[in-house]
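Here's the structure, in C-alpha cells; my notes come after.
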Amino acid sequence: MPPPRDYAHLYSSNALPNPQESRAIQREVDNLKSKIANLKSQLQQLEEELRQHEAVLSPIRRILAEVLGKIFSLVLPVPLYHWDREELLDLCLVCKLWRGAALAARWIWRNATVTTDQLSYGFEKVVCWLNRSGDFPKSLHVFIVHGGDSKDCGKLGAICKSENAILARFLTDGPILDHLQIQYQSQKCFRNLVEALHIYNAIAKPRKRPWDYLRSLAFDILYDWDRSDDEADSTFLHIPSKVTSLSFKLPLAEQMRGGNTPNIPIHIPPDALQRLTCLTFTSNWEGDHWLQLVKHCCNVEILSLDILRNPFGNATSFAPSDLTGSMVHLPRLRTLHLRLLPVAVNMFLFLDTPNLVSLDLQLSPNHAPEMTPESSSSAQTVLAFVNRSKCQNPCGT
C-alpha cells in the first residue's frame with residue numbers, strides 16, 4: 001500500500017515529522033500491526049486445518065491393527081521388565097486405535113518379569129497382565145534375591161521363606177503358566193518354594209494349579225549350592241511331571257563356599273531327565289556334572305551346554321580310555337548348541353547322536369587355541385563327530 005500523500009516527503013527523506021504527523025503515522029503503524037496479527041491468526045488456523053486434513057489422509061491410518069500389533073512386539077523386548085510394561089501401557093494411551101491394536105496382539109502380554117515385591121503388592125495386576133494374552137502360553141520370570149545369607153534360608157521367619165510364599169500363592173491361584181524362570185541365591189530357596197506350595201495346596205485345594213501344568217522350568221542359581229542335598233530327599237524330586245524343558249545355570253565356582261566343585265552332587269531324578277525334550281546347562285564348575293545329567297536324557301531333542309571349565313575334572317589332559325563305557329546315546333537329539341573351552345572338545349568322542357541335524361559350536365574367545373598339533377587334533381575330533389552323526393548343518397566359531 002502506497003504511503004499517504006501528506007507524508008510522502010517523510011518516507012523519502014530524513015526529515016523530522018512534526019507532532020501532528022507523528023501522531024498520524026503512529027495510528028497508521030498500530031493499524032498495520034493489527035492487520036498483521038489478524039492475518040497471522042488466520043494463517044495459524046489454516047495451518048491447523050491443513051494438519052487435520054493431512055492427518056485424515058495419513059498412511060498410518062491404513063495400517064491394519066494386526067500389523068500395528070506386530071510392530072509393537074518388535075519394539076518391546078522379551079522378557080518384559082517393569083519399565084518395558086510401562087512402555088507398552090504408554091503405547092495404549094496414544095489413541096483408541098493403538099490401544100485396540102495392542103490388546104488384540106495377545107502374544108505381547110504373555111510374559112512378565114517381576115520381583116517378589118512387585119508380585120506381592122501387584123498380585124492382581126500381574127494376573128490381569130498375563131490374562132490379556134488369552135490362550136497364548138504364558139511365561140513368568142521371578143527374581144527372589146533377598147539380602148540375607150543363603151545359610152539362613154531354612155530358618156523360621158527367613159526372608160527367603162516369605163518371598164517364596166508369595167510365589168507359591170501365584171503358582172496356586174494365578175493363571176496357568178507354560179514357562180517359569182526363577183533366580184535364586186541357592187537351591188535351598190527352591191526347597192522353601194516346595195514347602196510353601198504344599199501349604200497353599202492344602203489350604204486352597206485348587207482344581208488346576210499352575211505349578212502342576214508347567215511345561216518349561218528354568219533355575220538361575222546365583223551364589224551357593226547346598227552340598228548336603230540328599231539324593232533320596234532331593235529338592236528336585238518335586239519338579240512338576242509335565243516339565244519337558246529344563247534349564248540350569250549353576251553359580252560361579254569362584255563364588256562357591258569351600259571350592260572343590262567336582263565333588264558337589266546335583267541330584268536331579270533320572271525320570272525327570274528322561275521326560276525332557278530340551279535341556280540347557282550352564283556351568284564353570286570342574287567335573288563331569290553335565291555328563292551325569294545328559295546320560296539320562298534319552299528323549300532330548302535340543303541340548304545346549306555352556307561349559308567354561310575343564311569338564312573332566314582337574315586333569316590337564318584327557319584320553320578316551322578315561323571314560324570307557326561312558327558313551328552317551330542321544331537317539332532323538334536334533335539340535336546341539338555348545339560353548340566350550342578347547343580342552344572340552346574331547347566330549348565329542350563319546351557322544352552318539354545318530355539323528356543330529358544342527359550343530360552350533362563356539363569355543364570360548366578368552367581361551368581360543370593357537371594353531372598347534374593339539375588344536376589340529378581337536379578339529380579332527382569335531383569333524384569326525386560331524387561325519388559320524390551325519391550332521392546336515394554344522395557351524396562353529
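Ordering of the C-alpha cells sets the chain letters (A, B, ...), residue numbers begin anew at 1 in every chain, and ligands are numbered from 1 in the order given.
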task: Write down as a ChimeraX atom specification the residues of range 103-320 of chain A whose backbone DSSP state falls under helix (DSSP H, G or I).
output: /A:103-104,106-109,116-121,123-131,150-152,159-173,188-204,210-213,231-233,235-238,253-255,261-263,270-274,289-294,320
task: Show which residues sit within 9 Å of range 57-74 of chain A, as an MDAnalysis selection string. Count only C-alpha atoms, and ignore same-chain residues fewer than 5 positions away.
output: chainID A and resid 52 88 91 97:98 100:108
I need the residues from that last selection saved to file as a short mmCIF file (atom, residue, chain, number, x, y, z; two decimals), in the first residue's frame (with all heavy atoms), if you can.
```
data_model
loop_
_atom_site.label_atom_id
_atom_site.label_comp_id
_atom_site.auth_asym_id
_atom_site.auth_seq_id
_atom_site.Cartn_x
_atom_site.Cartn_y
_atom_site.Cartn_z
N GLN A 52 -4.99 -31.19 10.14
CA GLN A 52 -6.10 -32.11 10.41
C GLN A 52 -6.50 -32.86 9.15
O GLN A 52 -6.75 -34.09 9.19
CB GLN A 52 -7.30 -31.33 10.97
CG GLN A 52 -7.07 -30.77 12.37
CD GLN A 52 -8.23 -29.95 12.86
OE1 GLN A 52 -9.17 -29.65 12.10
NE2 GLN A 52 -8.18 -29.55 14.13
N LEU A 88 4.70 -50.33 27.15
CA LEU A 88 3.55 -50.88 26.43
C LEU A 88 2.26 -50.16 26.83
O LEU A 88 1.42 -49.87 25.97
CB LEU A 88 3.43 -52.38 26.71
CG LEU A 88 2.24 -53.10 26.08
CD1 LEU A 88 2.15 -52.84 24.59
CD2 LEU A 88 2.31 -54.60 26.36
N LEU A 91 2.02 -46.93 25.02
CA LEU A 91 1.56 -47.11 23.64
C LEU A 91 0.04 -47.20 23.59
O LEU A 91 -0.60 -46.71 22.66
CB LEU A 91 2.18 -48.36 23.03
CG LEU A 91 3.69 -48.31 22.74
CD1 LEU A 91 4.19 -49.68 22.29
CD2 LEU A 91 4.00 -47.26 21.68
N LEU A 97 -7.16 -46.44 18.53
CA LEU A 97 -6.71 -47.42 17.54
C LEU A 97 -5.51 -48.20 18.07
O LEU A 97 -5.46 -49.43 17.96
CB LEU A 97 -6.35 -46.71 16.23
CG LEU A 97 -5.74 -47.59 15.14
CD1 LEU A 97 -6.73 -48.64 14.66
CD2 LEU A 97 -5.25 -46.73 13.96
N TRP A 98 -4.53 -47.50 18.64
CA TRP A 98 -3.33 -48.16 19.14
C TRP A 98 -3.65 -49.05 20.34
O TRP A 98 -3.08 -50.13 20.49
CB TRP A 98 -2.28 -47.11 19.52
CG TRP A 98 -1.57 -46.54 18.32
CD1 TRP A 98 -2.10 -46.34 17.08
CD2 TRP A 98 -0.22 -46.09 18.27
NE1 TRP A 98 -1.15 -45.80 16.25
CE2 TRP A 98 0.01 -45.63 16.95
CE3 TRP A 98 0.81 -46.02 19.19
CZ2 TRP A 98 1.23 -45.10 16.55
CZ3 TRP A 98 2.04 -45.50 18.80
CH2 TRP A 98 2.24 -45.06 17.49
N GLY A 100 -6.50 -50.58 20.90
CA GLY A 100 -7.15 -51.77 20.38
C GLY A 100 -6.17 -52.71 19.73
O GLY A 100 -6.27 -53.94 19.88
N ALA A 101 -5.19 -52.15 19.00
CA ALA A 101 -4.18 -52.98 18.33
C ALA A 101 -3.32 -53.72 19.36
O ALA A 101 -3.00 -54.90 19.18
CB ALA A 101 -3.31 -52.12 17.43
N ALA A 102 -2.94 -53.01 20.43
CA ALA A 102 -2.10 -53.63 21.46
C ALA A 102 -2.85 -54.74 22.19
O ALA A 102 -2.29 -55.81 22.46
CB ALA A 102 -1.62 -52.58 22.45
N LEU A 103 -4.11 -54.50 22.51
CA LEU A 103 -4.89 -55.52 23.21
C LEU A 103 -5.19 -56.71 22.32
O LEU A 103 -5.29 -57.85 22.80
CB LEU A 103 -6.20 -54.91 23.73
CG LEU A 103 -6.05 -53.88 24.86
CD1 LEU A 103 -7.40 -53.25 25.19
CD2 LEU A 103 -5.44 -54.52 26.10
N ALA A 104 -5.31 -56.45 21.01
CA ALA A 104 -5.58 -57.55 20.07
C ALA A 104 -4.34 -58.41 19.85
O ALA A 104 -4.45 -59.60 19.53
CB ALA A 104 -6.07 -57.00 18.74
N ALA A 105 -3.15 -57.82 20.04
CA ALA A 105 -1.89 -58.57 19.90
C ALA A 105 -1.63 -59.31 21.22
O ALA A 105 -0.75 -58.94 22.00
CB ALA A 105 -0.75 -57.62 19.55
N ARG A 106 -2.36 -60.36 21.44
CA ARG A 106 -2.34 -61.02 22.74
C ARG A 106 -0.97 -61.58 23.10
O ARG A 106 -0.63 -61.71 24.29
CB ARG A 106 -3.40 -62.14 22.77
CG ARG A 106 -4.84 -61.60 22.72
CD ARG A 106 -5.84 -62.73 22.85
NE ARG A 106 -7.20 -62.23 22.89
CZ ARG A 106 -7.82 -61.83 23.98
NH1 ARG A 106 -7.19 -61.86 25.14
NH2 ARG A 106 -9.07 -61.40 23.94
N TRP A 107 -0.19 -61.94 22.09
CA TRP A 107 1.11 -62.54 22.38
C TRP A 107 2.05 -61.57 23.09
O TRP A 107 2.99 -62.00 23.76
CB TRP A 107 1.75 -63.04 21.09
CG TRP A 107 2.05 -61.95 20.09
CD1 TRP A 107 3.19 -61.22 20.00
CD2 TRP A 107 1.19 -61.47 19.04
NE1 TRP A 107 3.11 -60.31 18.97
CE2 TRP A 107 1.88 -60.45 18.36
CE3 TRP A 107 -0.10 -61.81 18.62
CZ2 TRP A 107 1.33 -59.76 17.28
CZ3 TRP A 107 -0.63 -61.12 17.54
CH2 TRP A 107 0.07 -60.13 16.89
N ILE A 108 1.80 -60.24 22.98
CA ILE A 108 2.67 -59.26 23.65
C ILE A 108 2.55 -59.37 25.17
O ILE A 108 3.50 -59.11 25.90
CB ILE A 108 2.31 -57.82 23.20
CG1 ILE A 108 2.46 -57.68 21.69
CG2 ILE A 108 3.18 -56.81 23.91
CD1 ILE A 108 2.11 -56.31 21.18
#
```
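CA of Ala165 in chain A to CA of Trp225 in chain A spans 21.0 Å [interatomic distance, one decimal].
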task: Quick one: pull the distance between CA of Val345 in chain A and CA of Ala379 in chain A, Å, one decimal.
output: 8.4 Å
Counting only C-alpha atoms, what are the residues of range 80-181 of chain A within 9 Å of range 193-200 of chain A, and for each of them which pair of atoms is the nearest and at what distance in Å, to one decimal? Sort the table by chain and rising number, as JSON lines.
```
{"residue": "A:Cys160", "atom": "CA", "partner": "A:Leu193", "partner_atom": "CA", "distance": 8.9}
{"residue": "A:Lys161", "atom": "CA", "partner": "A:Leu193", "partner_atom": "CA", "distance": 7.4}
{"residue": "A:Ser162", "atom": "CA", "partner": "A:Ala196", "partner_atom": "CA", "distance": 8.9}
{"residue": "A:Glu163", "atom": "CA", "partner": "A:Leu193", "partner_atom": "CA", "distance": 8.6}
{"residue": "A:Asn164", "atom": "CA", "partner": "A:Leu193", "partner_atom": "CA", "distance": 4.9}
{"residue": "A:Ala165", "atom": "CA", "partner": "A:Ala196", "partner_atom": "CA", "distance": 5.3}
{"residue": "A:Ile166", "atom": "CA", "partner": "A:Ala196", "partner_atom": "CA", "distance": 8.7}
{"residue": "A:Leu167", "atom": "CA", "partner": "A:Leu193", "partner_atom": "CA", "distance": 7.4}
{"residue": "A:Ala168", "atom": "CA", "partner": "A:Leu197", "partner_atom": "CA", "distance": 5.1}
{"residue": "A:Arg169", "atom": "CA", "partner": "A:Tyr200", "partner_atom": "CA", "distance": 6.6}
{"residue": "A:Leu171", "atom": "CA", "partner": "A:Leu197", "partner_atom": "CA", "distance": 7.7}
{"residue": "A:Thr172", "atom": "CA", "partner": "A:Tyr200", "partner_atom": "CA", "distance": 6.8}
```
Assign secondary structure with DSSP using the backbone only, and return the residues of range 285-314 of chain A in strand (DSSP E) as an mmCIF file with N, CA and C atoms, in the first residue's frame.
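Okay, result.cif is ready:
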```
data_model
loop_
_atom_site.group_PDB
_atom_site.id
_atom_site.type_symbol
_atom_site.label_atom_id
_atom_site.label_comp_id
_atom_site.auth_asym_id
_atom_site.auth_seq_id
_atom_site.Cartn_x
_atom_site.Cartn_y
_atom_site.Cartn_z
ATOM 1 N N ILE A 302 16.702 -81.017 21.861
ATOM 2 C CA ILE A 302 17.514 -79.796 21.809
ATOM 3 C C ILE A 302 18.376 -79.765 23.069
ATOM 4 N N LEU A 303 19.690 -79.707 22.881
ATOM 5 C CA LEU A 303 20.620 -79.722 24.007
ATOM 6 C C LEU A 303 21.565 -78.532 23.887
ATOM 7 N N SER A 304 21.645 -77.736 24.963
ATOM 8 C CA SER A 304 22.542 -76.580 24.996
ATOM 9 C C SER A 304 23.450 -76.722 26.211
ATOM 10 N N LEU A 305 24.758 -76.768 25.966
ATOM 11 C CA LEU A 305 25.736 -76.884 27.042
ATOM 12 C C LEU A 305 26.687 -75.701 26.979
ATOM 13 N N ASP A 306 26.757 -74.968 28.086
ATOM 14 C CA ASP A 306 27.673 -73.826 28.206
ATOM 15 C C ASP A 306 28.631 -74.175 29.338
ATOM 16 N N ILE A 307 29.788 -74.759 28.994
ATOM 17 C CA ILE A 307 30.705 -75.303 29.987
ATOM 18 C C ILE A 307 32.053 -74.599 29.850
#
```
query: Which neighbours of range 231-245 of chain A fall inside 6 Å, counting only C-alpha atoms, when residues of the same chain fewer than 4 positions from it are skipped, and could you give them as an MDAnalysis selection string?
result: chainID A and resid 191 212 214:216 267:268 275:279
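Put simply, CA of Tyr121 in chain A is 23.8 Å away from CA of Phe219 in chain A.
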Within 9 Å of Gln274 in chain A using only C-alpha atoms, minus same-chain residues under 4 positions, as a PyMOL selection string: chain A and resi 244+269-270+296-300
message: List the spatial neighbours of Arg209 in chain A as a PyMOL selection string - criterion: any atom at most 9 Å away, only C-alpha atoms, same-chain residues fewer than 5 positions off excluded.
response: chain A and resi 171-176+201
Long-range neighbours of Asp224 in chain A as a tab-separated table (two decimals) with C-alpha atoms, in the first residue's frame, 9 Å cut-off, only C-alpha atoms, 5 positions minimum in chain:
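Dumped everything to around_39.tsv:
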```tsv
chain	number	residue	atom	x	y	z
A	150	SER	CA	21.69	-68.29	51.92
A	185	GLN	CA	20.67	-67.37	45.75
A	186	SER	CA	20.86	-71.10	46.49
A	187	GLN	CA	18.89	-74.22	45.63
A	188	LYS	CA	17.83	-74.16	49.30
A	250	LEU	CA	24.89	-73.02	38.31
A	251	PRO	CA	26.60	-70.39	40.49
A	252	LEU	CA	30.12	-69.36	39.51
A	253	ALA	CA	32.76	-71.64	41.01
A	255	GLN	CA	31.66	-67.63	44.48
A	256	MET	CA	31.13	-71.10	45.96
A	257	ARG	CA	31.98	-71.68	49.60
```
